[in-house]
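Data file: data-v6.txt. Format and content: compact mmCIF, C-alpha atoms.
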# COMPACT_ATOMS: atom_id res chain seq x y z
CA MET A 1 75.82 111.03 131.24
CA ILE A 2 72.90 109.89 129.11
CA MET A 3 74.15 112.11 126.29
CA ARG A 4 77.62 110.54 126.53
CA ARG A 5 76.14 107.03 126.36
CA THR A 6 74.06 108.05 123.37
CA ILE A 7 77.15 109.35 121.60
CA LEU A 8 79.08 106.19 122.43
CA ALA A 9 76.23 104.08 121.12
CA SER A 10 76.18 106.19 117.96
CA ILE A 11 79.90 105.70 117.46
CA LEU A 12 79.66 101.95 117.96
CA GLY A 13 76.59 101.76 115.80
CA ALA A 14 78.17 103.73 112.99
CA SER A 15 81.34 101.66 113.17
CA LEU A 16 79.39 98.40 113.19
CA PHE A 17 77.21 99.61 110.35
CA GLY A 18 80.30 100.46 108.32
CA ALA A 19 81.89 97.07 108.99
CA LEU A 20 78.70 95.23 108.09
CA GLU A 21 78.30 97.27 104.93
CA VAL A 22 81.86 96.61 103.76
CA ASN A 23 81.58 92.92 104.58
CA ALA A 24 78.30 92.77 102.70
CA GLN A 25 79.94 94.53 99.77
CA CYS A 26 82.84 92.04 99.77
CA ASP A 27 80.46 89.08 100.08
CA THR A 28 78.35 90.28 97.15
CA ILE A 29 81.45 90.75 95.00
CA ALA A 30 82.72 87.30 96.00
CA THR A 31 79.41 85.72 95.00
CA LEU A 32 79.57 87.39 91.59
CA CYS A 33 83.26 86.60 91.21
CA GLU A 34 82.74 82.94 92.03
CA ARG A 35 80.90 82.53 88.74
CA ASN A 36 84.29 82.81 87.04
CA ILE A 37 85.53 79.69 88.83
CA THR A 38 83.58 77.30 86.66
CA ALA A 39 82.73 73.69 87.48
CA GLU A 40 85.92 72.23 86.02
CA TYR A 41 87.99 74.04 88.66
CA ILE A 42 88.25 73.10 92.32
CA PRO A 43 88.05 76.14 94.60
CA ASP A 44 91.19 76.51 96.72
CA GLY A 45 89.02 76.94 99.82
CA GLN A 46 90.05 80.50 100.58
CA PHE A 47 88.56 83.95 100.22
CA TYR A 48 91.02 86.77 99.64
CA ARG A 49 89.86 90.33 100.00
CA ALA A 50 91.35 93.76 100.52
CA LEU A 51 89.78 97.16 100.82
CA LEU A 52 91.51 99.38 98.30
CA ARG A 53 91.46 103.12 98.13
CA GLU A 54 92.77 105.16 95.22
CA ASP A 55 96.18 103.88 94.19
CA GLU A 56 96.64 101.30 96.93
CA VAL A 57 97.92 97.93 95.79
CA ALA A 58 97.07 94.62 97.40
CA GLU A 59 99.98 92.23 97.22
CA PHE A 60 99.19 88.58 97.21
CA ASP A 61 101.87 85.92 97.81
CA LEU A 62 101.36 82.41 96.56
CA THR A 63 103.06 79.33 95.19
CA LEU A 64 101.84 77.91 91.92
CA PHE A 65 102.63 74.21 91.80
CA GLY A 66 103.93 72.48 88.70
CA GLY A 67 101.49 70.27 86.84
CA ILE A 68 98.44 72.29 87.86
CA THR A 69 96.32 74.74 85.91
CA TYR A 70 95.08 77.66 87.96
CA ARG A 71 92.23 80.03 87.33
CA VAL A 72 92.60 83.39 89.02
CA ALA A 73 89.50 85.58 89.23
CA ALA A 74 89.88 89.17 90.38
CA CYS A 75 86.83 91.33 90.96
CA SER A 76 85.77 94.64 92.42
CA GLY A 77 82.40 96.32 92.14
CA LEU A 78 79.34 94.77 90.63
CA SER A 79 80.61 94.65 87.06
CA GLY A 80 83.73 93.04 85.63
CA GLY A 81 86.86 94.90 84.62
CA ASN A 82 87.32 97.24 87.60
CA LEU A 83 90.38 95.47 88.94
CA ILE A 84 93.81 95.28 87.37
CA PHE A 85 95.82 92.26 88.38
CA SER A 86 99.40 91.48 87.47
CA VAL A 87 101.44 88.38 88.17
CA TYR A 88 105.17 88.67 88.86
CA ASP A 89 107.78 86.06 89.58
CA LYS A 90 110.13 86.45 92.53
CA GLU A 91 112.58 88.40 90.34
CA ARG A 92 109.77 90.83 89.52
CA ASN A 93 109.53 89.68 85.92
CA LEU A 94 106.01 90.37 84.73
CA LEU A 95 104.35 87.08 83.80
CA PHE A 96 100.91 88.45 83.08
CA SER A 97 98.72 91.52 83.46
CA ASN A 98 95.03 91.64 82.62
CA LYS A 99 95.57 95.31 81.80
CA GLU A 100 96.79 94.11 78.41
CA PHE A 101 93.53 92.24 77.93
CA ASN A 102 90.89 94.82 78.74
CA ASN A 103 91.01 94.03 82.49
CA GLU A 104 89.66 90.51 81.96
CA PRO A 105 88.18 89.39 85.30
CA TYR A 106 89.74 85.94 85.11
CA TRP A 107 92.70 84.22 83.49
CA ASP A 108 94.14 80.71 83.44
CA PHE A 109 97.73 79.80 84.20
CA VAL A 110 99.23 76.52 83.09
CA VAL A 111 102.23 75.91 85.33
CA ALA A 112 105.03 73.66 84.16
CA ASN A 113 107.27 73.96 87.22
CA THR A 114 106.50 75.12 90.71
CA VAL A 115 107.02 78.85 90.98
CA ASP A 116 106.58 81.44 93.72
CA VAL A 117 104.67 84.44 92.46
CA VAL A 118 103.24 87.71 93.65
CA ILE A 119 99.92 88.99 92.35
CA ASN A 120 99.36 92.72 92.57
CA ALA A 121 95.77 93.92 92.47
CA GLU A 122 94.76 97.53 92.10
CA LEU A 123 91.65 99.41 91.07
CA ASP A 124 91.49 100.79 87.57
CA PRO A 125 91.44 104.52 88.36
CA ALA A 126 89.28 105.15 85.32
CA LYS A 127 86.54 102.96 86.77
CA ALA A 128 86.68 103.14 90.56
CA ASN A 129 88.53 105.01 93.26
CA SER A 130 87.77 102.73 96.18
CA GLY A 131 86.17 99.41 96.89
CA CYS A 132 86.54 95.84 97.98
CA ALA A 133 88.92 93.77 95.87
CA VAL A 134 88.28 90.04 95.84
CA LEU A 135 90.61 87.37 94.52
CA LEU A 136 89.46 83.80 94.05
CA ILE A 137 91.51 80.86 92.87
CA GLY A 138 90.51 77.53 91.42
CA PHE A 139 92.69 74.75 90.09
CA LYS A 140 92.64 71.54 88.11
CA LYS A 141 95.15 68.93 87.12
CA MET B 1 84.20 121.19 124.34
CA ALA B 2 84.74 117.48 124.97
CA LEU B 3 81.15 116.90 124.05
CA ARG B 4 81.60 118.80 120.82
CA SER B 5 84.69 116.73 120.02
CA SER B 6 82.76 113.55 120.66
CA TYR B 7 80.02 114.70 118.33
CA LYS B 8 82.59 115.53 115.68
CA PHE B 9 84.28 112.18 116.12
CA ALA B 10 80.99 110.33 115.89
CA ALA B 11 80.01 112.25 112.80
CA LEU B 12 83.39 111.71 111.13
CA LEU B 13 83.35 108.01 111.97
CA ALA B 14 79.85 107.60 110.63
CA LEU B 15 80.75 109.52 107.50
CA GLY B 16 83.96 107.55 107.04
CA SER B 17 82.17 104.25 107.45
CA ALA B 18 79.48 105.26 105.03
CA MET B 19 82.04 106.45 102.48
CA ALA B 20 84.01 103.25 102.75
CA ALA B 21 80.83 101.28 102.27
CA CYS B 22 79.72 103.34 99.31
CA GLY B 23 83.10 103.38 97.69
CA GLY B 24 83.93 106.98 98.23
CA GLY B 25 86.69 106.90 100.81
CA ASN B 26 90.02 108.51 100.14
CA ASN B 27 91.33 109.10 103.62
CA SER B 28 94.36 106.86 103.78
CA GLU B 29 97.92 107.13 102.65
CA PRO B 30 99.05 104.81 99.88
CA VAL B 31 100.63 101.75 101.37
CA ALA B 32 104.33 101.25 100.86
CA GLU B 33 105.10 97.96 99.20
CA GLY B 34 107.63 95.27 99.99
CA ALA B 35 108.23 92.84 102.77
CA ASP B 36 110.09 95.42 104.83
CA SER B 37 107.07 97.63 104.98
CA LEU B 38 104.80 95.06 106.57
CA ARG B 39 102.50 96.51 109.14
CA THR B 40 99.60 94.97 110.93
CA ALA B 41 96.35 96.84 111.21
CA VAL B 42 92.67 96.18 111.41
CA ASP B 43 90.67 98.70 109.44
CA PRO B 44 87.64 100.16 111.20
CA ASP B 45 85.65 98.39 108.50
CA GLY B 46 86.96 95.04 109.68
CA VAL B 47 89.21 94.17 106.74
CA VAL B 48 92.45 92.96 108.28
CA LYS B 49 95.53 94.28 106.56
CA LEU B 50 99.18 93.50 106.69
CA GLY B 51 100.61 96.25 104.56
CA ASN B 52 97.92 95.16 102.10
CA LYS B 53 99.62 91.78 101.80
CA LEU B 54 97.51 88.66 101.40
CA PHE B 55 98.82 85.16 101.80
CA SER B 56 97.77 81.93 100.22
CA ILE B 57 98.13 78.57 101.88
CA PRO B 58 97.64 75.76 99.37
CA SER B 59 94.39 73.96 99.99
CA PRO B 60 94.62 70.42 101.36
CA VAL B 61 92.80 69.27 98.23
CA GLN B 62 95.62 70.62 96.10
CA THR B 63 98.36 69.11 98.24
CA ILE B 64 96.58 65.76 98.28
CA MET B 65 96.14 65.88 94.50
CA LEU B 66 99.84 66.52 94.07
CA ALA B 67 100.67 63.72 96.49
CA SER B 68 98.56 61.30 94.46
CA ASP B 69 101.16 61.68 91.68
CA LEU B 70 103.57 59.84 93.95
CA ASN B 71 101.42 56.70 93.63
CA THR B 72 101.63 55.99 97.34
CA PRO B 73 99.04 53.44 98.44
CA TYR B 74 95.97 54.59 100.33
CA ALA B 75 96.38 54.20 104.09
CA LYS B 76 93.21 54.90 106.04
CA GLU B 77 95.13 54.57 109.30
CA LEU B 78 97.00 57.77 108.48
CA THR B 79 93.83 59.81 108.89
CA LEU B 80 92.67 61.05 112.26
CA PRO B 81 90.34 58.80 114.24
CA THR B 82 86.75 59.84 113.82
CA GLU B 83 85.98 59.12 117.47
CA GLY B 84 87.09 61.05 120.52
CA THR B 85 86.83 64.50 119.03
CA ALA B 86 85.49 65.82 122.34
CA ARG B 87 89.12 66.39 123.30
CA PHE B 88 89.17 69.43 121.03
CA VAL B 89 87.86 71.85 123.63
CA THR B 90 89.12 75.31 122.77
CA LYS B 91 88.19 77.27 119.69
CA GLU B 92 91.81 77.08 118.59
CA GLN B 93 91.88 73.28 118.88
CA GLN B 94 88.51 72.92 117.17
CA ALA B 95 89.54 75.18 114.28
CA MET B 96 92.82 73.34 113.71
CA ALA B 97 91.01 70.01 113.94
CA LEU B 98 88.48 71.23 111.39
CA GLY B 99 91.29 72.01 108.97
CA MET B 100 92.88 68.62 109.62
CA TYR B 101 89.66 66.73 109.05
CA GLY B 102 89.20 68.79 105.90
CA ALA B 103 92.51 67.39 104.65
CA ASP B 104 91.41 63.89 105.66
CA LEU B 105 88.20 64.41 103.74
CA ALA B 106 90.16 65.38 100.63
CA TYR B 107 92.40 62.35 101.14
CA THR B 108 89.58 59.84 101.56
CA ALA B 109 87.60 61.40 98.71
CA SER B 110 90.67 61.41 96.49
CA TYR B 111 91.09 57.67 97.03
CA GLN B 112 87.32 57.19 96.72
CA ASP B 113 86.83 55.71 100.18
CA ALA B 114 83.25 56.96 100.41
CA GLN B 115 82.52 55.15 103.65
CA GLN B 116 85.42 56.76 105.52
CA ALA B 117 84.72 60.11 103.84
CA LEU B 118 81.20 60.07 105.28
CA LYS B 119 82.60 59.39 108.76
CA VAL B 120 85.03 62.28 108.41
CA LEU B 121 82.19 64.42 107.13
CA LYS B 122 80.22 63.67 110.26
CA VAL B 123 83.13 64.90 112.39
CA ILE B 124 83.42 68.05 110.29
CA GLU B 125 79.70 68.64 110.76
CA GLY B 126 80.16 68.41 114.54
CA LEU B 127 83.18 70.70 114.62
CA SER B 128 81.54 73.28 112.37
CA GLY B 129 78.60 73.28 114.78
CA GLN B 130 80.92 73.90 117.73
CA LEU B 131 82.45 76.80 115.82
CA ASN B 132 78.98 78.15 114.93
CA MET B 133 79.64 77.55 111.26
CA THR B 134 77.02 74.93 110.50
CA ASN B 135 75.25 77.10 107.97
CA ALA B 136 78.45 78.16 106.25
CA LEU B 137 80.12 74.79 106.01
CA GLY B 138 78.13 71.82 107.15
CA LYS B 139 75.02 72.11 105.04
CA ASN B 140 76.86 72.89 101.79
CA LEU B 141 79.23 70.05 102.25
CA LEU B 142 76.70 67.49 103.41
CA GLY B 143 74.24 68.17 100.62
CA GLY B 144 76.84 68.11 97.87
CA PHE B 145 78.69 65.10 99.18
CA LYS B 146 75.69 62.86 99.62
CA GLN B 147 74.56 63.51 96.07
CA HIS B 148 77.93 62.78 94.49
CA LEU B 149 79.44 60.03 96.61
CA ASN B 150 80.75 58.10 93.63
CA ASN B 151 82.23 61.02 91.76
CA ARG B 152 85.75 61.85 92.97
CA ASP B 153 86.04 65.18 91.18
CA SER B 154 82.67 66.35 92.47
CA LEU B 155 83.62 65.39 96.02
CA LEU B 156 86.85 67.37 95.80
CA ARG B 157 84.99 70.33 94.30
CA TYR B 158 82.39 70.29 97.08
CA THR B 159 85.18 70.14 99.66
CA GLY B 160 86.83 73.20 98.13
CA GLN B 161 83.54 75.08 97.84
CA ALA B 162 82.51 74.30 101.40
CA PHE B 163 85.84 75.38 102.86
CA ARG B 164 85.76 78.58 100.82
CA ALA B 165 82.25 79.26 102.16
CA ALA B 166 83.58 78.70 105.67
CA ASP B 167 86.57 80.97 105.05
CA THR B 168 84.30 83.67 103.65
CA TYR B 169 82.07 83.42 106.69
CA LEU B 170 84.98 83.60 109.14
CA LYS B 171 86.60 86.58 107.42
CA SER B 172 83.29 88.41 107.10
CA ASP B 173 82.69 87.74 110.78
CA GLN B 174 86.12 89.17 111.59
CA GLN B 175 87.38 85.79 112.80
CA GLU B 176 90.62 85.92 110.80
CA ASP B 177 92.38 84.06 113.62
CA VAL B 178 90.00 81.10 113.36
CA SER B 179 90.37 81.13 109.57
CA THR B 180 94.17 80.94 109.94
CA TRP B 181 93.98 78.07 112.44
CA VAL B 182 91.79 76.10 110.03
CA LEU B 183 94.33 76.70 107.26
CA ALA B 184 97.23 75.74 109.52
CA GLY B 185 95.57 72.48 110.58
CA GLY B 186 94.80 71.63 106.97
CA TRP B 187 98.33 72.36 105.84
CA ILE B 188 100.00 70.25 108.53
CA GLU B 189 97.64 67.33 107.97
CA SER B 190 98.02 67.40 104.19
CA LEU B 191 101.82 67.40 104.57
CA TYR B 192 101.54 64.53 107.02
CA LEU B 193 99.43 62.56 104.56
CA THR B 194 101.88 63.36 101.76
CA LEU B 195 104.69 61.88 103.83
CA GLY B 196 102.72 58.69 104.31
CA ALA B 197 104.87 55.95 105.72
CA THR B 198 108.15 57.57 104.67
CA GLY B 199 110.97 56.17 106.76
CA GLU B 200 114.69 56.76 106.70
CA GLN B 201 114.87 56.59 102.94
CA VAL B 202 113.07 59.62 101.57
CA ASP B 203 111.68 59.28 98.06
CA PRO B 204 113.24 62.18 96.08
CA ARG B 205 109.78 63.09 94.79
CA VAL B 206 108.50 63.38 98.38
CA ALA B 207 111.57 65.46 99.25
CA ALA B 208 110.86 67.72 96.29
CA ARG B 209 107.24 68.17 97.36
CA LEU B 210 108.42 69.03 100.86
CA ALA B 211 110.97 71.52 99.58
CA GLU B 212 108.32 73.29 97.49
CA GLN B 213 106.43 74.16 100.67
CA ARG B 214 109.09 76.54 101.98
CA HIS B 215 107.37 79.70 100.79
CA THR B 216 104.02 78.46 102.12
CA LEU B 217 105.56 77.87 105.55
CA ASP B 218 106.87 81.45 105.61
CA ASN B 219 103.40 82.69 104.64
CA LEU B 220 101.77 80.62 107.36
CA VAL B 221 104.12 81.97 110.03
CA LEU B 222 103.36 85.54 108.90
CA LEU B 223 99.64 84.85 108.93
CA LEU B 224 99.75 83.41 112.44
CA GLU B 225 101.83 86.34 113.65
CA LYS B 226 99.30 88.69 112.12
CA THR B 227 96.14 87.12 113.42
CA GLY B 228 97.44 86.02 116.82
CA GLY B 229 96.72 83.02 119.00
CA ALA B 230 98.11 79.49 118.74
CA PRO B 231 101.46 80.43 120.31
CA GLN B 232 102.67 76.83 120.55
CA LEU B 233 101.88 76.14 116.93
CA LEU B 234 103.57 79.36 115.88
CA ALA B 235 106.71 78.45 117.85
CA SER B 236 106.76 74.97 116.29
CA LEU B 237 106.33 76.33 112.79
CA LYS B 238 109.15 78.80 113.38
CA GLU B 239 111.33 75.86 114.40
CA LEU B 240 110.29 74.14 111.21
CA THR B 241 111.63 77.06 109.19
CA VAL B 242 115.16 76.21 110.41
CA PRO B 243 115.67 73.00 108.39
CA TYR B 244 113.75 74.66 105.55
CA ARG B 245 116.58 77.19 105.28
CA GLU B 246 118.66 74.36 103.88
CA VAL B 247 116.43 74.11 100.83
CA VAL B 248 118.45 75.23 97.84
CA SER B 249 116.33 76.52 95.01
CA THR B 250 117.28 77.75 91.60
CA TYR B 251 115.04 79.77 89.35
CA THR B 252 115.42 80.50 85.66
CA PHE B 253 113.04 82.93 84.08
CA VAL B 254 111.61 81.82 80.75
CA GLU B 255 109.27 84.10 78.82
CA PRO B 256 105.67 82.94 79.32
CA THR B 257 103.50 82.01 76.36
CA VAL B 258 100.06 83.56 75.99
CA ASP B 259 97.01 82.15 74.27
CA ALA B 260 94.67 85.14 74.38
CA ASP B 261 91.77 83.30 72.77
CA ARG B 262 91.78 80.75 75.55
CA LYS B 263 92.57 83.38 78.18
CA THR B 264 95.54 81.30 79.17
CA THR B 265 99.16 82.01 80.03
CA TYR B 266 101.69 79.20 80.07
CA ILE B 267 104.28 79.81 82.76
CA ASN B 268 107.46 78.29 81.40
CA SER B 269 110.02 79.37 84.00
CA LYS B 270 112.11 76.62 85.49
CA THR B 271 112.51 76.06 89.19
CA SER B 272 114.22 73.38 91.16
CA ALA B 273 114.25 72.95 94.91
CA GLN B 274 116.68 70.59 96.53
CA ILE B 275 117.10 69.47 100.05
CA THR B 276 119.63 67.26 101.77
CA PRO B 277 118.40 63.90 103.11
CA ALA B 278 119.30 65.00 106.64
CA ALA B 279 117.27 68.21 106.38
CA ALA B 280 114.37 66.30 104.81
CA GLN B 281 114.41 63.88 107.74
CA THR B 282 114.38 66.76 110.22
CA ILE B 283 111.42 68.33 108.42
CA ILE B 284 109.55 65.03 108.41
CA GLU B 285 110.15 64.53 112.13
CA LYS B 286 109.02 68.05 112.94
CA VAL B 287 105.88 67.83 110.79
CA ARG B 288 104.90 64.59 112.54
CA ALA B 289 105.67 66.10 115.95
CA ILE B 290 103.58 69.22 115.23
CA ARG B 291 100.68 67.07 114.10
CA SER B 292 100.93 64.93 117.25
CA ALA B 293 101.01 68.02 119.45
CA ILE B 294 97.88 69.44 117.83
CA ILE B 295 95.85 66.28 118.35
CA ALA B 296 97.27 65.40 121.78
The structure in this file should be written as structure tokens.
Amino acid sequence: MIMRRTILASILGASLFGALEVNAQCDTIATLCERNITAEYIPDGQFYRALLREDEVAEFDLTLFGGITYRVAACSGLSGGNLIFSVYDKERNLLFSNKEFNNEPYWDFVVANTVDVVINAELDPAKANSGCAVLLIGFKK
Amino acid sequence: MALRSSYKFAALLALGSAMAACGGGNNSEPVAEGADSLRTAVDPDGVVKLGNKLFSIPSPVQTIMLASDLNTPYAKELTLPTEGTARFVTKEQQAMALGMYGADLAYTASYQDAQQALKVLKVIEGLSGQLNMTNALGKNLLGGFKQHLNNRDSLLRYTGQAFRAADTYLKSDQQEDVSTWVLAGGWIESLYLTLGATGEQVDPRVAARLAEQRHTLDNLVLLLEKTGGAPQLLASLKELTVPYREVVSTYTFVEPTVDADRKTTYINSKTSAQITPAAAQTIIEKVRAIRSAIIA
């Protein structure tokens, strides 16, 4: 009975430890990533994260409103350039991919007319095979 | 035998958790993409997934900024009263109220009503305390606000930063449901403020702003379905999707322009969203009714 309780406690402890570690990892990445949303941009108030493994893709739905300039920062790991992010319109036309720009960790989008887009984020397999992906968005008029 | 299995399970779980934390995990199948493949799951590591889909709800600050283009006069009476907040008893009510007061804060700050903004801030401080988020939200917001009371842009920035800090805290604390309720409250209130005193005649620019929110509404419904709770709000928002189906949108792809030196892409595609006056009126009525139900 005591042994069973010890095992249960170990399981819970290990699970909790894992959750805390991953959350800590995401929080650290978010703190680093936030530096890309400079003072001229207003944070959108949300924290987007996904745990990615190997070739998993996080899909991120959002509306970009006309007349606003957005800054999208995409980070994974403790150094920049681990995350590939691509922006598609609703017809799956590619509007942008940071892959063409050395995996730049942030990019600005000047939006003329409101448009629904999907951002795909995936790890660069040459740099990481798993980790927490963080997306942050800021905007200005 | 059972004991040995338990040991194995414990060891595997510990190993899996450690690998996930260290970035070495490779134990899951690639996730199929597309809306049809949506699945809800909570990873053992606490990162909530919906077929790896993430949803954005425009921040109240953004919606208020867009509404300011309409040149509607400031109306303090549109904001929630700053007294009587004790009626928000449940966590769900408190979280939605927090989001709503966040929108009110953006509204009052946007129109530079510092006095009212401070009152709203006080309410937010109280609600964040009730939700055990004082450290995440209250202190950041209070400190920044008091130092920059006369600077509109700084106030809006501090609002955004504080709400992101709160969202980060809630998600890290595996309170995705509370995070979603805050977003939902903020969205409804910012739409309500955008409508202002709109009566039977709907300004076409207001109608256009309403129509543009269709995708956001779909995202919000999905988020609420994913995280659970707030059944009445979810039902009301699903009802709101009905008149939104009458929004007719056209989209024309135009090749974007890139300025690599400035790390900037200009999105040139053209979109228009149109809505009949009758559907716009139904949406307006429903938005006001949802807001009333939340604060009742």
Residues near region 232-243 of chain B, cut-off 12 Å, only C-alpha atoms, skip fewer than 5 positions along chain, as a PyMOL selection string: chain B and resi 92-93+96+180-181+184-185+187-188+210-211+213-227+248+275-295
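For the pair CA of Thr69 (chain A) and CA of Ser97 (chain A), the interatomic distance is 17.1 Å.
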Selection near Val72 (chain A), 12 Å with only C-alpha atoms, sequence-local residues under 6 positions removed, as an MDAnalysis selection string: (chainID A and resid 33:38 41:44 47:48 60 62 64 85:87 96:98 104:110 119 121 134:140) or (chainID B and resid 263:265)
Given all atoms listed in the file as the counted atoms, nearest of A:Cys132, A:Ala73, A:Ile29, A:Leu78 to chain B: A:Cys132
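Nearest-residue note for chain A: choosing from B:Ala67, B:Ala165, B:Leu193, B:Val178, the minimum distance belongs to B:Ala165, counting only C-alpha atoms.
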Two-atom distance - CA of Tyr169 (chain B), CA of Arg49 (chain A) (Å): 12.4 Å
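If you look at CA of Glu125 (chain B) and CA of Tyr74 (chain B), they are 23.9 Å away from each other.
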Polymer residues at most 7 Å from Leu98 (chain B), only C-alpha atoms, same-chain spacing of 5 or more positions, as a list in words: Ile124, Leu127 and Val182 of chain B
Minimum-distance residue to chain B, chosen among A:Ala133, A:Ile84, A:Val117, A:Leu51 (using all atoms listed in the file): A:Leu51
Six-sided padding of 5 Å per side, axis-aligned box over region 265-280 of chain B, centre and edges in Å, one decimal, as lines of an AutoDock Vina configuration file:
center_x = 109.4
center_y = 73.0
center_z = 93.3
size_x = 30.5
size_y = 28.1
size_z = 36.6
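The nearest approach to Tyr101 (chain B) among the residues B:Thr72, B:Gln115, B:Thr159, B:Thr134, with all atoms listed in the file taken into account, belongs to B:Thr159.
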Shortest interatomic distance to Ser130 (chain A) - which of A:Glu40, A:Asp61, A:Asp27, A:Glu54, counting only C-alpha atoms: A:Glu54
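Considering only C-alpha atoms, the residue among A:Gln25, A:Leu83, A:Arg71, A:Gly77 positioned nearest to Asp55 (chain A) is A:Leu83.
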Nearby residues (only C-alpha atoms) at most 12 Å from Ala109 (chain B), same-chain spacing under 4 positions excluded, as a CSV table (one decimal) with C-alpha atoms, in the frame of the given file:
chain,number,residue,atom,x,y,z
B,60,PRO,CA,94.6,70.4,101.4
B,61,VAL,CA,92.8,69.3,98.2
B,64,ILE,CA,96.6,65.8,98.3
B,65,MET,CA,96.1,65.9,94.5
B,68,SER,CA,98.6,61.3,94.5
B,74,TYR,CA,96.0,54.6,100.3
B,76,LYS,CA,93.2,54.9,106.0
B,101,TYR,CA,89.7,66.7,109.0
B,102,GLY,CA,89.2,68.8,105.9
B,103,ALA,CA,92.5,67.4,104.6
B,104,ASP,CA,91.4,63.9,105.7
B,105,LEU,CA,88.2,64.4,103.7
B,113,ASP,CA,86.8,55.7,100.2
B,114,ALA,CA,83.2,57.0,100.4
B,115,GLN,CA,82.5,55.2,103.6
B,116,GLN,CA,85.4,56.8,105.5
B,117,ALA,CA,84.7,60.1,103.8
B,118,LEU,CA,81.2,60.1,105.3
B,119,LYS,CA,82.6,59.4,108.8
B,120,VAL,CA,85.0,62.3,108.4
B,121,LEU,CA,82.2,64.4,107.1
B,145,PHE,CA,78.7,65.1,99.2
B,148,HIS,CA,77.9,62.8,94.5
B,149,LEU,CA,79.4,60.0,96.6
B,150,ASN,CA,80.8,58.1,93.6
B,151,ASN,CA,82.2,61.0,91.8
B,152,ARG,CA,85.8,61.8,93.0
B,153,ASP,CA,86.0,65.2,91.2
B,154,SER,CA,82.7,66.4,92.5
B,155,LEU,CA,83.6,65.4,96.0
B,156,LEU,CA,86.8,67.4,95.8
B,157,ARG,CA,85.0,70.3,94.3
B,158,TYR,CA,82.4,70.3,97.1
B,159,THR,CA,85.2,70.1,99.7
B,160,GLY,CA,86.8,73.2,98.1
